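S.K.: Okay, handing you the structure first.
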Amino acid sequence: TEDAASDAAASEADDAATGAEADDAATDEGAAAPPPAPPLRLLVTNDDGYDSEGIDLVVSALAALDDVEITVVAPLENQSGSSDTRSDTPPTATNETTASGYPVIAVAGTPADAVIYALENVFDDGHPDLIVSGANDGQNVGPLASISGTVGAARTGAREGIPGFAVSVAGITVEPDLDAAIPFVVDWVVENREQVLAADATPAEVWSLNVASCQGNGEVRGLAEVPLAVEFAEGEPFEIDCLSTLEEPDDDATALSHGFAALTLLPEGLVLGIE
């Protein structure tokens, strides 16, 4: 009799355990799956014009990333040196394609015009998470940043609360190695995705990347996060030495001249156009 009672108790315990497991399984099956991560919405623009090589390389590289939506709105023609200026009248726009065939809206105006046109006419269900401007043919370090249309586009978006990432490659006195910038662009976007999606400040941050062109003499020496140069030392920022052994540059102009890719968080005053 005691054995029978023991067997019955054990059977009840097994049944209870089986029932609990079934309940857990049902709970797991009924639990809502976590929502998918939102895509990173990018507005890509520049100041060299929609058909330039630099913007084509950037768009092609970013389009290969997962969970990214890219909209390209750029000036119809070269607008280098236009800073953050805007046209007196609303610009017109036409549908074009980049050199590799990616759809682009070409705006007959400045880089700032292109950004405002995109925000007012293209993103009718919100706004982009990040503005990527470039890659520019020519460096935009130190005092050059304030007159740059590449940087000006990013500054314009930042005043609307949209983070900006301006990309420039050493040129002017050397042939720009635009391809050298692309790995740095992709890495920055991937590594800063969550920070960009969480951004809620106005003005938003603007980061400026300036990449050395080595002309076959060495290669870009890596990424240096440095402040914006206040002035240029002799030879800066047009003499580029990728064989330099300088290890700790003081600012973006020195970093670029010594073969680095210089990454700089622009001062808020410059973003707002008050310095």
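Chain labels follow the order of the structure tokens: the first chain is A, the next B, and so on; residue numbering restarts at 1 in every chain, and ligands are counted from 1 in their shown order.
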With a distance cut-off of 8 Å and only C-alpha atoms, select the neighbouring residues of A:Arg155, excluding the residue or stretch itself and same-chain residues fewer than 2 positions from it, and output the selection as a list in words.
M.R.: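 Listing them by chain and then by number gives Asp84, Val151, Gly152, Ala153, Gly157, Ala158, Arg159, Gly164, Val206, Val271 and Leu272 of chain A.
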S.K.: I need the chosen residues saved as a compact mmCIF listing (two decimals), in the first residue's frame, with N, CA, C and O atoms.
M.R.:
```txt
# COMPACT_ATOMS: atom_id res chain seq x y z
N ASP A 84 27.41 77.52 -45.87
CA ASP A 84 26.02 77.15 -45.56
C ASP A 84 25.04 78.14 -46.17
O ASP A 84 23.91 78.29 -45.69
N VAL A 151 30.91 70.75 -45.52
CA VAL A 151 30.63 70.92 -44.10
C VAL A 151 29.36 71.75 -43.91
O VAL A 151 28.55 71.50 -42.99
N GLY A 152 29.14 72.74 -44.78
CA GLY A 152 27.95 73.59 -44.68
C GLY A 152 26.66 72.81 -44.77
O GLY A 152 25.67 73.12 -44.08
N ALA A 153 26.63 71.77 -45.60
CA ALA A 153 25.43 70.94 -45.70
C ALA A 153 25.15 70.24 -44.38
O ALA A 153 24.01 70.19 -43.90
N GLY A 157 21.85 70.77 -41.63
CA GLY A 157 21.01 69.73 -41.05
C GLY A 157 21.07 69.70 -39.54
O GLY A 157 20.06 69.45 -38.87
N ALA A 158 22.26 69.96 -38.99
CA ALA A 158 22.42 69.92 -37.53
C ALA A 158 21.55 70.96 -36.84
O ALA A 158 21.07 70.75 -35.72
N ARG A 159 21.34 72.08 -37.49
CA ARG A 159 20.47 73.13 -36.92
C ARG A 159 19.01 72.69 -36.86
O ARG A 159 18.21 73.28 -36.15
N GLY A 164 25.34 65.24 -38.36
CA GLY A 164 26.00 65.33 -39.66
C GLY A 164 27.38 64.72 -39.64
O GLY A 164 28.09 64.75 -38.63
N VAL A 206 28.07 67.61 -35.39
CA VAL A 206 28.63 67.46 -36.73
C VAL A 206 30.07 66.99 -36.60
O VAL A 206 30.88 67.62 -35.93
N VAL A 271 29.00 75.19 -35.91
CA VAL A 271 27.77 74.56 -36.41
C VAL A 271 26.67 75.61 -36.56
O VAL A 271 25.94 75.63 -37.55
N LEU A 272 26.57 76.49 -35.59
CA LEU A 272 25.52 77.50 -35.61
C LEU A 272 25.88 78.73 -36.44
O LEU A 272 25.04 79.58 -36.67
```
S.K.: Between atom CA of A:Val72 and atom CA of A:Ala99, what is the spacing in Å?
M.R.: 12.4 Å
S.K.: Could you pull out the strand (DSSP E or B) residues of stretch 2-213 of chain A, going by DSSP on the backbone, and write them as a PyMOL selection string?
M.R.: chain A and resi 40-45+68-75+93-97+103-107+130-137+164-169+206-211
